[in-house]
>>> print(open('data18.txt').read())   # compact mmCIF, C-alpha atoms
# COMPACT_ATOMS: atom_id res chain seq x y z
CA MET I 1 0.00 0.00 0.00
CA ALA I 2 1.13 3.47 -0.78
CA GLU I 3 0.29 4.73 2.70
CA GLN I 4 -0.10 2.99 6.01
CA VAL I 5 -3.81 2.66 6.68
CA SER I 6 -3.41 0.61 9.84
CA GLY I 7 -0.76 -0.67 12.19
CA PRO I 8 1.76 -3.34 11.19
CA GLU I 9 -0.35 -6.12 12.74
CA ILE I 10 -3.00 -6.03 10.01
CA GLN I 11 -0.37 -5.73 7.29
CA ARG I 12 1.35 -8.80 8.66
CA LEU I 13 -1.89 -10.76 8.76
CA ILE I 14 -2.54 -9.86 5.11
CA GLN I 15 1.00 -10.78 4.05
CA LEU I 16 0.78 -14.18 5.70
CA LEU I 17 -2.69 -14.89 4.30
CA ALA I 18 -1.37 -14.02 0.82
CA ARG I 19 1.06 -16.93 1.12
CA LEU I 20 -1.77 -19.47 1.23
CA PRO I 21 -2.27 -21.24 -2.10
CA GLY I 22 -5.26 -19.79 -3.91
CA LEU I 23 -5.04 -16.37 -2.25
CA GLY I 24 -3.33 -13.40 -3.88
CA PRO I 25 -2.75 -9.95 -2.37
CA ARG I 26 -6.26 -8.78 -3.20
CA SER I 27 -8.09 -11.82 -1.86
CA ALA I 28 -5.79 -11.86 1.18
CA ARG I 29 -6.94 -8.31 2.00
CA ARG I 30 -10.55 -9.39 1.58
CA ALA I 31 -9.95 -12.44 3.78
CA ALA I 32 -8.30 -10.30 6.47
CA LEU I 33 -11.22 -7.88 6.52
CA HIS I 34 -13.66 -10.79 6.64
CA LEU I 35 -11.74 -12.25 9.60
CA ILE I 36 -11.69 -8.93 11.43
CA ARG I 37 -15.41 -8.47 10.86
CA LYS I 38 -16.20 -12.01 12.03
CA ARG I 39 -13.92 -11.92 15.01
CA GLU I 40 -15.99 -14.12 17.30
CA GLU I 41 -17.37 -16.58 14.75
CA LEU I 42 -14.30 -17.07 12.56
CA LEU I 43 -11.08 -15.30 13.55
CA GLY I 44 -11.08 -16.75 17.06
CA PRO I 45 -11.95 -20.34 16.12
CA LEU I 46 -9.59 -20.38 13.12
CA SER I 47 -6.76 -19.01 15.23
CA ASP I 48 -7.43 -21.70 17.84
CA ALA I 49 -7.65 -24.44 15.20
CA MET I 50 -4.28 -23.36 13.81
CA GLN I 51 -2.75 -23.40 17.27
CA VAL I 52 -4.04 -26.95 17.79
CA ALA I 53 -2.74 -27.99 14.38
CA ARG I 54 0.67 -26.51 15.12
CA ASP I 55 0.92 -28.22 18.49
CA LYS I 56 -0.61 -31.58 17.73
CA ILE I 57 -0.20 -32.62 14.12
CA VAL I 58 2.43 -35.26 13.51
CA THR I 59 3.45 -37.38 10.56
CA CYS I 60 2.43 -41.03 10.86
CA SER I 61 5.60 -43.05 11.26
CA ALA I 62 4.02 -45.99 9.45
CA CYS I 63 2.50 -44.43 6.32
CA GLY I 64 3.47 -40.74 6.21
CA ASN I 65 -0.10 -39.40 6.55
CA VAL I 66 -0.59 -36.33 8.77
CA ASP I 67 -2.78 -36.65 11.84
CA THR I 68 -2.90 -35.78 15.52
CA SER I 69 -2.04 -39.37 16.47
CA ASP I 70 0.81 -41.67 15.44
CA PRO I 71 0.01 -44.17 13.98
CA CYS I 72 -2.67 -42.23 12.13
CA ILE I 73 -6.37 -42.94 12.07
CA ILE I 74 -6.07 -44.92 8.82
CA CYS I 75 -3.24 -47.16 10.03
CA CYS I 76 -5.22 -47.79 13.25
CA ASP I 77 -8.42 -48.70 11.41
CA GLY I 78 -8.80 -52.47 11.87
CA ARG I 79 -11.54 -52.69 9.24
CA ARG I 80 -9.10 -51.85 6.45
CA ASP I 81 -7.41 -54.62 4.47
CA PRO I 82 -3.76 -54.58 5.59
CA ALA I 83 -2.72 -56.70 2.59
CA VAL I 84 -3.05 -53.85 0.07
CA LEU I 85 -0.92 -50.68 0.12
CA ILE I 86 -1.61 -47.68 -2.11
CA VAL I 87 1.60 -45.73 -2.78
CA VAL I 88 0.94 -41.99 -3.26
CA GLU I 89 3.17 -38.97 -3.73
CA THR I 90 1.55 -36.62 -1.22
CA VAL I 91 -0.96 -36.51 1.61
CA GLY I 92 -3.25 -34.54 -0.72
CA ASP I 93 -3.31 -37.53 -3.08
CA LEU I 94 -4.17 -39.80 -0.14
CA TRP I 95 -7.09 -37.52 0.76
CA ALA I 96 -8.28 -37.50 -2.86
CA LEU I 97 -8.26 -41.31 -3.09
CA GLU I 98 -10.08 -41.57 0.25
CA ARG I 99 -12.81 -39.27 -1.07
CA ALA I 100 -13.25 -41.69 -3.97
CA ALA I 101 -13.86 -44.32 -1.24
CA ALA I 102 -13.27 -47.18 -3.68
CA LEU I 103 -10.96 -49.35 -1.55
CA ARG I 104 -10.66 -49.69 2.21
CA VAL I 105 -6.96 -50.30 2.41
CA ARG I 106 -3.84 -48.58 3.73
CA TYR I 107 -1.45 -46.08 2.18
CA HIS I 108 2.20 -45.21 1.90
CA VAL I 109 3.07 -41.55 1.30
CA LEU I 110 6.37 -41.11 -0.57
CA GLY I 111 6.55 -37.39 0.13
CA GLY I 112 7.25 -36.46 -3.49
CA THR I 113 8.71 -37.94 -6.65
CA LEU I 114 12.22 -38.67 -7.82
CA SER I 115 13.39 -35.57 -9.63
CA PRO I 116 17.10 -35.35 -10.43
CA LEU I 117 16.67 -31.83 -11.78
CA ASP I 118 15.29 -30.63 -8.45
CA GLY I 119 17.85 -32.65 -6.54
CA VAL I 120 15.32 -35.13 -5.16
CA GLY I 121 16.91 -38.57 -4.92
CA PRO I 122 15.74 -41.89 -3.46
CA LYS I 123 16.99 -40.94 0.00
CA ASP I 124 14.62 -37.96 0.11
CA LEU I 125 11.53 -40.14 -0.24
CA ASN I 126 9.97 -42.65 2.15
CA LEU I 127 11.22 -45.58 0.10
CA ALA I 128 13.18 -47.55 2.70
CA SER I 129 10.13 -47.71 4.96
CA LEU I 130 8.03 -48.94 2.03
CA VAL I 131 10.45 -51.81 1.36
CA ASP I 132 10.42 -52.61 5.08
CA ARG I 133 6.63 -52.69 5.22
CA VAL I 134 6.43 -55.04 2.26
CA ALA I 135 9.39 -57.20 3.36
CA ASN I 136 7.88 -57.67 6.81
CA GLY I 137 5.12 -59.67 5.14
CA GLY I 138 1.37 -59.46 5.03
CA VAL I 139 1.28 -57.18 1.97
CA ARG I 140 -0.14 -58.92 -1.09
CA GLU I 141 -0.50 -55.97 -3.47
CA VAL I 142 1.09 -52.55 -3.90
CA ILE I 143 -0.95 -50.11 -6.01
CA LEU I 144 1.19 -47.34 -7.50
CA ALA I 145 -1.10 -44.29 -7.46
CA VAL I 146 1.48 -41.73 -8.55
CA ASN I 147 0.71 -38.88 -10.92
CA ALA I 148 0.79 -39.60 -14.64
CA THR I 149 3.74 -37.23 -15.07
CA VAL I 150 7.29 -38.00 -16.15
CA ASP I 151 8.56 -37.73 -12.57
CA GLY I 152 5.65 -39.80 -11.27
CA GLN I 153 6.25 -42.57 -13.79
CA THR I 154 10.01 -42.54 -13.16
CA THR I 155 9.27 -42.98 -9.48
CA ALA I 156 6.84 -45.81 -10.24
CA HIS I 157 9.52 -47.69 -12.19
CA TYR I 158 12.04 -47.14 -9.39
CA VAL I 159 9.60 -48.47 -6.77
CA THR I 160 8.86 -51.49 -8.97
CA ASP I 161 12.59 -52.28 -9.15
CA LEU I 162 12.95 -51.86 -5.37
CA LEU I 163 10.16 -54.34 -4.71
CA ALA I 164 11.03 -56.79 -7.50
CA HIS I 165 12.73 -59.30 -5.21
CA LEU I 166 9.72 -59.46 -2.89
CA ASP I 167 6.66 -61.63 -3.39
CA VAL I 168 4.13 -58.86 -4.01
CA ARG I 169 1.83 -57.95 -6.90
CA ILE I 170 2.49 -54.43 -8.19
CA THR I 171 -0.35 -52.64 -9.98
CA ARG I 172 -0.99 -49.11 -11.15
CA LEU I 173 -4.04 -46.92 -11.77
CA ALA I 174 -5.87 -47.40 -15.06
CA HIS I 175 -5.49 -44.77 -17.76
CA GLY I 176 -8.67 -43.81 -19.54
CA VAL I 177 -11.47 -41.37 -20.16
CA PRO I 178 -12.36 -39.35 -17.02
CA VAL I 179 -15.90 -40.03 -15.83
CA GLY I 180 -18.08 -37.32 -17.37
CA GLY I 181 -15.30 -36.41 -19.81
CA GLU I 182 -15.82 -35.69 -23.50
CA LEU I 183 -13.68 -37.56 -26.02
CA ASP I 184 -13.24 -34.52 -28.23
CA TYR I 185 -11.38 -32.67 -25.47
CA LEU I 186 -9.05 -35.51 -24.51
CA ASP I 187 -5.42 -35.79 -25.54
CA ASP I 188 -4.29 -38.52 -27.90
CA GLY I 189 -2.31 -40.41 -25.28
CA THR I 190 -5.30 -40.78 -22.99
CA LEU I 191 -7.54 -41.89 -25.86
CA ALA I 192 -4.98 -44.45 -27.03
CA ALA I 193 -4.65 -45.80 -23.48
CA ALA I 194 -8.42 -45.94 -23.09
CA LEU I 195 -8.66 -47.98 -26.32
CA ARG I 196 -5.87 -50.36 -25.38
CA GLN I 197 -7.24 -50.92 -21.89
CA ARG I 198 -10.88 -51.25 -23.04
CA THR I 199 -13.13 -53.40 -20.88
CA ASP I 200 -16.13 -55.62 -21.65
CA PHE I 201 -19.42 -53.76 -21.72
CA MET X 202 -15.02 -36.88 3.04
CA ALA X 203 -16.40 -40.37 2.71
CA GLU X 204 -14.03 -41.75 5.34
CA GLN X 205 -12.11 -40.13 8.13
CA VAL X 206 -8.52 -39.77 6.95
CA SER X 207 -7.35 -37.85 10.00
CA GLY X 208 -8.55 -36.70 13.39
CA PRO X 209 -11.22 -34.02 13.82
CA GLU X 210 -8.61 -31.28 14.29
CA ILE X 211 -7.58 -31.22 10.63
CA GLN X 212 -11.21 -31.45 9.48
CA ARG X 213 -12.04 -28.45 11.64
CA LEU X 214 -9.12 -26.46 10.25
CA ILE X 215 -10.30 -27.21 6.71
CA GLN X 216 -13.90 -26.29 7.51
CA LEU X 217 -12.88 -22.94 9.00
CA LEU X 218 -10.51 -22.14 6.14
CA ALA X 219 -13.33 -22.88 3.69
CA ARG X 220 -15.29 -20.01 5.22
CA LEU X 221 -12.74 -17.44 4.06
CA PRO X 222 -13.86 -15.53 0.98
CA GLY X 223 -12.12 -16.88 -2.10
CA LEU X 224 -11.56 -20.37 -0.68
CA GLY X 225 -13.88 -23.28 -1.41
CA PRO X 226 -13.70 -26.79 0.06
CA ARG X 227 -11.02 -27.89 -2.42
CA SER X 228 -8.74 -24.90 -1.98
CA ALA X 229 -9.30 -25.02 1.79
CA ARG X 230 -7.94 -28.57 1.81
CA ARG X 231 -4.96 -27.43 -0.24
CA ALA X 232 -4.40 -24.49 2.10
CA ALA X 233 -4.59 -26.74 5.17
CA LEU X 234 -2.01 -29.15 3.71
CA HIS X 235 0.21 -26.21 2.78
CA LEU X 236 -0.04 -24.88 6.35
CA ILE X 237 0.75 -28.29 7.84
CA ARG X 238 3.72 -28.69 5.54
CA LYS X 239 5.02 -25.19 6.32
CA ARG X 240 4.44 -25.42 10.03
CA GLU X 241 7.37 -23.30 11.14
CA GLU X 242 7.39 -20.73 8.34
CA LEU X 243 3.66 -20.18 7.90
CA LEU X 244 1.29 -22.02 10.24
CA GLY X 245 2.97 -20.71 13.38
CA PRO X 246 3.34 -17.07 12.30
CA LEU X 247 -0.16 -16.95 10.79
CA SER X 248 -1.66 -18.42 13.93
CA ASP X 249 0.20 -15.84 16.02
CA ALA X 250 -0.83 -12.99 13.71
CA MET X 251 -4.47 -14.04 14.06
CA GLN X 252 -4.16 -14.17 17.82
CA VAL X 253 -2.74 -10.64 17.81
CA ALA X 254 -5.48 -9.46 15.48
CA ARG X 255 -8.14 -10.99 17.70
CA ASP X 256 -6.75 -9.43 20.85
CA LYS X 257 -5.72 -6.03 19.59
CA ILE X 258 -7.78 -4.86 16.65
CA VAL X 259 -10.36 -2.22 17.48
CA THR X 260 -12.64 0.00 15.47
CA CYS X 261 -11.54 3.64 15.38
CA SER X 262 -14.11 5.62 17.33
CA ALA X 263 -13.54 8.64 15.11
CA CYS X 264 -13.74 7.24 11.57
CA GLY X 265 -14.68 3.55 11.79
CA ASN X 266 -11.40 2.21 10.32
CA VAL X 267 -9.95 -0.92 11.92
CA ASP X 268 -6.57 -0.71 13.57
CA THR X 269 -4.72 -1.72 16.71
CA SER X 270 -4.98 1.78 18.10
CA ASP X 271 -7.94 4.11 18.66
CA PRO X 272 -7.90 6.67 17.11
CA CYS X 273 -6.46 4.84 14.10
CA ILE X 274 -3.21 5.60 12.32
CA ILE X 275 -5.01 7.71 9.70
CA CYS X 276 -6.88 9.86 12.22
CA CYS X 277 -3.61 10.37 14.12
CA ASP X 278 -1.65 11.38 11.02
CA GLY X 279 -1.07 15.12 11.39
CA ARG X 280 0.10 15.47 7.78
CA ARG X 281 -3.38 14.73 6.47
CA ASP X 282 -5.77 17.57 5.65
CA PRO X 283 -8.44 17.48 8.39
CA ALA X 284 -10.75 19.71 6.34
CA VAL X 285 -11.70 16.95 3.86
CA LEU X 286 -13.59 13.78 4.77
CA ILE X 287 -14.08 10.87 2.35
CA VAL X 288 -17.24 8.93 3.21
CA VAL X 289 -16.95 5.22 2.31
CA GLU X 290 -19.17 2.21 2.84
CA THR X 291 -16.59 -0.24 4.18
CA VAL X 292 -13.03 -0.45 5.46
CA GLY X 293 -12.17 -2.30 2.24
CA ASP X 294 -13.20 0.79 0.26
CA LEU X 295 -11.01 2.94 2.52
CA TRP X 296 -8.05 0.65 1.82
CA ALA X 297 -8.72 0.79 -1.92
CA LEU X 298 -8.79 4.61 -1.94
CA GLU X 299 -5.60 4.74 0.13
CA ARG X 300 -3.87 2.52 -2.43
CA ALA X 301 -4.81 5.06 -5.07
CA ALA X 302 -2.93 7.58 -2.87
CA ALA X 303 -4.59 10.55 -4.59
CA LEU X 304 -5.58 12.59 -1.54
CA ARG X 305 -4.04 12.77 1.92
CA VAL X 306 -7.21 13.35 3.88
CA ARG X 307 -9.34 11.54 6.46
CA TYR X 308 -12.20 9.09 6.13
CA HIS X 309 -15.55 8.20 7.59
CA VAL X 310 -16.66 4.57 7.31
CA LEU X 311 -20.44 4.18 7.24
CA GLY X 312 -20.33 0.44 7.78
CA GLY X 313 -22.69 -0.35 4.90
CA THR X 314 -25.46 1.24 2.88
CA LEU X 315 -29.08 2.00 3.56
CA SER X 316 -31.01 -1.04 2.39
CA PRO X 317 -34.66 -1.25 3.47
CA LEU X 318 -34.99 -4.72 1.92
CA ASP X 319 -32.18 -6.04 4.13
CA GLY X 320 -33.50 -4.14 7.14
CA VAL X 321 -30.57 -1.69 7.22
CA GLY X 322 -31.82 1.72 8.34
CA PRO X 323 -30.04 5.00 9.18
CA LYS X 324 -29.52 3.88 12.80
CA ASP X 325 -27.43 0.91 11.63
CA LEU X 326 -24.85 3.15 9.93
CA ASN X 327 -22.29 5.56 11.41
CA LEU X 328 -24.34 8.57 10.32
CA ALA X 329 -24.79 10.40 13.63
CA SER X 330 -21.04 10.50 14.18
CA LEU X 331 -20.57 11.86 10.64
CA VAL X 332 -22.98 14.73 11.32
CA ASP X 333 -21.19 15.38 14.62
CA ARG X 334 -17.78 15.49 12.95
CA VAL X 335 -18.99 17.97 10.35
CA ALA X 336 -21.04 20.04 12.80
CA ASN X 337 -18.06 20.39 15.14
CA GLY X 338 -16.40 22.48 12.46
CA GLY X 339 -13.16 22.30 10.56
CA VAL X 340 -14.56 20.16 7.73
CA ARG X 341 -14.74 22.04 4.45
CA GLU X 342 -15.61 19.22 2.05
CA VAL X 343 -17.25 15.80 2.28
CA ILE X 344 -16.49 13.46 -0.66
CA LEU X 345 -19.12 10.75 -1.07
CA ALA X 346 -17.13 7.72 -2.25
CA VAL X 347 -19.96 5.20 -2.07
CA ASN X 348 -20.44 2.44 -4.64
CA ALA X 349 -22.26 3.31 -7.85
CA THR X 350 -25.10 0.94 -6.92
CA VAL X 351 -28.74 1.72 -6.14
CA ASP X 352 -28.15 1.28 -2.40
CA GLY X 353 -24.95 3.31 -2.56
CA GLN X 354 -26.63 6.20 -4.37
CA THR X 355 -29.64 6.09 -2.03
CA THR X 356 -27.23 6.39 0.87
CA ALA X 357 -25.40 9.27 -0.84
CA HIS X 358 -28.66 11.21 -1.19
CA TYR X 359 -29.56 10.51 2.44
CA VAL X 360 -26.15 11.75 3.63
CA THR X 361 -26.52 14.87 1.49
CA ASP X 362 -29.87 15.64 3.13
CA LEU X 363 -28.38 15.07 6.60
CA LEU X 364 -25.58 17.55 5.96
CA ALA X 365 -27.66 20.07 4.02
CA HIS X 366 -28.02 22.51 6.96
CA LEU X 367 -24.26 22.57 7.56
CA ASP X 368 -21.78 24.79 5.77
CA VAL X 369 -19.91 22.08 3.89
CA ARG X 370 -19.25 21.31 0.25
CA ILE X 371 -20.48 17.85 -0.75
CA THR X 372 -18.88 16.16 -3.74
CA ARG X 373 -18.91 12.69 -5.24
CA LEU X 374 -16.54 10.55 -7.32
CA ALA X 375 -16.48 11.20 -11.06
CA HIS X 376 -18.11 8.69 -13.37
CA GLY X 377 -16.15 7.82 -16.49
CA VAL X 378 -14.00 5.44 -18.46
CA PRO X 379 -11.76 3.28 -16.22
CA VAL X 380 -8.06 3.96 -16.81
CA GLY X 381 -6.90 1.33 -19.28
CA GLY X 382 -10.50 0.47 -20.18
CA GLU X 383 -11.79 -0.08 -23.70
CA LEU X 384 -14.84 1.88 -24.80
CA ASP X 385 -16.32 -1.08 -26.67
CA TYR X 386 -16.68 -3.04 -23.45
CA LEU X 387 -18.24 -0.25 -21.38
CA ASP X 388 -21.93 0.02 -20.56
CA ASP X 389 -24.03 2.86 -22.00
CA GLY X 390 -24.50 4.61 -18.66
CA THR X 391 -20.78 4.90 -18.06
CA LEU X 392 -20.12 6.15 -21.59
CA ALA X 393 -22.91 8.74 -21.30
CA ALA X 394 -21.50 9.95 -17.98
CA ALA X 395 -17.99 10.11 -19.42
CA LEU X 396 -19.26 12.26 -22.28
CA ARG X 397 -21.25 14.59 -20.04
CA GLN X 398 -18.38 15.03 -17.61
CA ARG X 399 -15.72 15.41 -20.33
CA THR X 400 -12.68 17.50 -19.42
CA ASP X 401 -10.36 19.74 -21.43
CA PHE X 402 -7.50 17.90 -23.09
>>> encode(input="data18.txt", output="structure tokens")
Amino acid sequence: MAEQVSGPEIQRLIQLLARLPGLGPRSARRAALHLIRKREELLGPLSDAMQVARDKIVTCSACGNVDTSDPCIICCDGRRDPAVLIVVETVGDLWALERAAALRVRYHVLGGTLSPLDGVGPKDLNLASLVDRVANGGVREVILAVNATVDGQTTAHYVTDLLAHLDVRITRLAHGVPVGGELDYLDDGTLAAALRQRTDF
Amino acid sequence: MAEQVSGPEIQRLIQLLARLPGLGPRSARRAALHLIRKREELLGPLSDAMQVARDKIVTCSACGNVDTSDPCIICCDGRRDPAVLIVVETVGDLWALERAAALRVRYHVLGGTLSPLDGVGPKDLNLASLVDRVANGGVREVILAVNATVDGQTTAHYVTDLLAHLDVRITRLAHGVPVGGELDYLDDGTLAAALRQRTDF
């Protein structure tokens, strides 16, 4: 701002809000004003919720999910099939797959993908713990649910090699037409994959 | 979410973030994950900044701006011309005008517009304090910087009537072509106003 219209406290709140994904400087100002207006209903509770998150959230030592307990709520859930592990890049991917609610199994969060250009090597990912989990037995299938990007696929191949000596089935997500998607808008690679992996009607 | 993927603390954080303007459920989830990942750099400082905002921010008893001091930093600024008051609907409008940095004067925040349909009457706005400020002398001009909406213009007329018996010049923002705007995309009303209020080149 050209001039100071309020003390540094409000400026700082706006600057920090602007660092959230999805908020720019303008929407951060709007969010700050909204918070100040709704002090009792929103600013207070959100501030408290952040304090709790800061103090309590830990990374699950088994799967890499974030939760307030370790092991996390998913690893503790006895109704989930412990014989199937879904390998994901990030906790956000884990959440997305859980929303799909297709399989009641467990996860393993790698924490990223192999990316030599960005200096991310095997040691930077939760790969050793994945091999341990599978080697310790009881895992029948590992589903590689990494992104369909170059880095994601490189990582998938690397994980496959790591687990090759173990007696475990390794699968990956199907490629195909998104549900509700229109063929005309799809790229050639997806269409080709959808044709190759066609299923009986 | 179909299944619980973490304890209630993270769910609550997401729900509260989703109530910020500009964030929906999906971007709130992304923001929560971003905060959890950047615990030291962002979650902690933002949580602290919110705590400070909750504890310290007050409404300026003179002009209605929000700040950590009362009177606010603008009302305390001796380099501003005290003889001109800009009347705005909200603190957000005050911030916007300050960014324009065209006039170094003071403000009066009404806190909304007259809106009989929404049950907002004159008593719900900071109108009495505006009349007091002008009646107490020293104010030469009141600039009505309300929105160019029906409610905004109704409010402008009401304020004009309120101040009619006082010796003060009442002005309003110019209508015209936005800087950088293209004529072809402008509505007829704006173009007509821009023609009527044309200035010498």
>>> atom_distance(input="data18.txt", atom1="atom CA of Val159 of chain I", atom2="atom CA of Ala135 of chain I")
13.4 Å
>>> closest_residue(input="data18.txt", among="I:Arg26, I:Arg99, I:Arg169, I:His157", to="chain X", atoms="all atoms listed in the file")
I:Arg99
>>> residues_near_point(input="data18.txt", point="(5.4, -38.0, 14.4)", cutoff="12 Å", atoms="all atoms listed in the file", output="tab-separated table (two decimals) with C-alpha atoms, keeping the file's coordinate frame")
chain	number	residue	atom	x	y	z
I	55	ASP	CA	0.92	-28.22	18.49
I	56	LYS	CA	-0.61	-31.58	17.73
I	57	ILE	CA	-0.20	-32.62	14.12
I	58	VAL	CA	2.43	-35.26	13.51
I	59	THR	CA	3.45	-37.38	10.56
I	60	CYS	CA	2.43	-41.03	10.86
I	61	SER	CA	5.60	-43.05	11.26
I	62	ALA	CA	4.02	-45.99	9.45
I	63	CYS	CA	2.50	-44.43	6.32
I	64	GLY	CA	3.47	-40.74	6.21
I	65	ASN	CA	-0.10	-39.40	6.55
I	66	VAL	CA	-0.59	-36.33	8.77
I	67	ASP	CA	-2.78	-36.65	11.84
I	68	THR	CA	-2.90	-35.78	15.52
I	69	SER	CA	-2.04	-39.37	16.47
I	70	ASP	CA	0.81	-41.67	15.44
I	71	PRO	CA	0.01	-44.17	13.98
I	72	CYS	CA	-2.67	-42.23	12.13
>>> closest_residue(input="data18.txt", among="X:Asp401, X:Asp368, X:Asp319, X:Asp278", to="Asn337 of chain X", atoms="all atoms listed in the file")
X:Asp368
>>> interface_residues(input="data18.txt", of="chain I", to="chain X", cutoff="8 Å", atoms="all atoms listed in the file", output="PyMOL selection string")
chain I and resi 1-7+9-10+12-13+16-17+19-23+27+29-31+33-36+39+42-54+57+66-69+72-74+91-92+95+98-101
>>> atom_distance(input="data18.txt", atom1="atom CA of Arg399 of chain X", atom2="atom CA of Ala375 of chain X")
10.2 Å
>>> atom_distance(input="data18.txt", atom1="atom CA of Arg133 of chain I", atom2="atom CA of Asp151 of chain I")
23.3 Å
>>> residues_around(input="data18.txt", residues="Leu125 of chain I", least_positions_apart="4", cutoff="9 Å", atoms="only C-alpha atoms", output="number ranges by chain")
I: 109-114, 120-121
>>> write_last_selection(input="data18.txt", atoms="C-alpha atoms", output="JSON list (two decimals), in the coordinates of the input")
[["chain", "number", "residue", "atom", "x", "y", "z"],
["I", 109, "VAL", "CA", 3.07, -41.55, 1.30],
["I", 110, "LEU", "CA", 6.37, -41.11, -0.57],
["I", 111, "GLY", "CA", 6.55, -37.39, 0.13],
["I", 112, "GLY", "CA", 7.25, -36.46, -3.49],
["I", 113, "THR", "CA", 8.71, -37.94, -6.65],
["I", 114, "LEU", "CA", 12.22, -38.67, -7.82],
["I", 120, "VAL", "CA", 15.32, -35.13, -5.16],
["I", 121, "GLY", "CA", 16.91, -38.57, -4.92]]
>>> build_atoms(input="data18.txt", residues="segment 23-35 of chain I", atoms="N, CA, C and O atoms", output="mmCIF file, in the coordinates of the input")
data_model
loop_
_atom_site.group_PDB
_atom_site.id
_atom_site.type_symbol
_atom_site.label_atom_id
_atom_site.label_comp_id
_atom_site.auth_asym_id
_atom_site.auth_seq_id
_atom_site.Cartn_x
_atom_site.Cartn_y
_atom_site.Cartn_z
ATOM 1 N N LEU I 23 -4.782 -17.748 -2.652
ATOM 2 C CA LEU I 23 -5.040 -16.370 -2.250
ATOM 3 C C LEU I 23 -3.929 -15.468 -2.780
ATOM 4 O O LEU I 23 -2.751 -15.754 -2.564
ATOM 5 N N GLY I 24 -4.290 -14.412 -3.472
ATOM 6 C CA GLY I 24 -3.330 -13.400 -3.880
ATOM 7 C C GLY I 24 -3.419 -12.211 -2.960
ATOM 8 O O GLY I 24 -4.130 -12.255 -1.967
ATOM 9 N N PRO I 25 -2.708 -11.120 -3.261
ATOM 10 C CA PRO I 25 -2.750 -9.950 -2.370
ATOM 11 C C PRO I 25 -4.166 -9.404 -2.189
ATOM 12 O O PRO I 25 -4.558 -9.056 -1.089
ATOM 13 N N ARG I 26 -4.923 -9.370 -3.293
ATOM 14 C CA ARG I 26 -6.260 -8.780 -3.200
ATOM 15 C C ARG I 26 -7.200 -9.645 -2.359
ATOM 16 O O ARG I 26 -7.900 -9.158 -1.472
ATOM 17 N N SER I 27 -7.187 -10.957 -2.620
ATOM 18 C CA SER I 27 -8.090 -11.820 -1.860
ATOM 19 C C SER I 27 -7.601 -11.969 -0.420
ATOM 20 O O SER I 27 -8.402 -12.196 0.493
ATOM 21 N N ALA I 28 -6.292 -11.807 -0.201
ATOM 22 C CA ALA I 28 -5.790 -11.860 1.180
ATOM 23 C C ALA I 28 -6.313 -10.653 1.965
ATOM 24 O O ALA I 28 -6.676 -10.781 3.134
ATOM 25 N N ARG I 29 -6.379 -9.479 1.315
ATOM 26 C CA ARG I 29 -6.940 -8.310 2.000
ATOM 27 C C ARG I 29 -8.411 -8.555 2.331
ATOM 28 O O ARG I 29 -8.882 -8.235 3.422
ATOM 29 N N ARG I 30 -9.138 -9.132 1.345
ATOM 30 C CA ARG I 30 -10.550 -9.390 1.580
ATOM 31 C C ARG I 30 -10.730 -10.402 2.723
ATOM 32 O O ARG I 30 -11.591 -10.249 3.579
ATOM 33 N N ALA I 31 -9.866 -11.426 2.721
ATOM 34 C CA ALA I 31 -9.950 -12.440 3.780
ATOM 35 C C ALA I 31 -9.652 -11.823 5.140
ATOM 36 O O ALA I 31 -10.324 -12.126 6.129
ATOM 37 N N ALA I 32 -8.647 -10.936 5.192
ATOM 38 C CA ALA I 32 -8.300 -10.300 6.470
ATOM 39 C C ALA I 32 -9.461 -9.467 6.988
ATOM 40 O O ALA I 32 -9.816 -9.539 8.172
ATOM 41 N N LEU I 33 -10.079 -8.692 6.112
ATOM 42 C CA LEU I 33 -11.220 -7.880 6.520
ATOM 43 C C LEU I 33 -12.370 -8.752 6.999
ATOM 44 O O LEU I 33 -13.040 -8.445 7.990
ATOM 45 N N HIS I 34 -12.596 -9.855 6.264
ATOM 46 C CA HIS I 34 -13.660 -10.790 6.640
ATOM 47 C C HIS I 34 -13.379 -11.352 8.039
ATOM 48 O O HIS I 34 -14.274 -11.422 8.884
ATOM 49 N N LEU I 35 -12.121 -11.711 8.291
ATOM 50 C CA LEU I 35 -11.740 -12.250 9.600
ATOM 51 C C LEU I 35 -11.964 -11.218 10.693
ATOM 52 O O LEU I 35 -12.465 -11.528 11.766
#
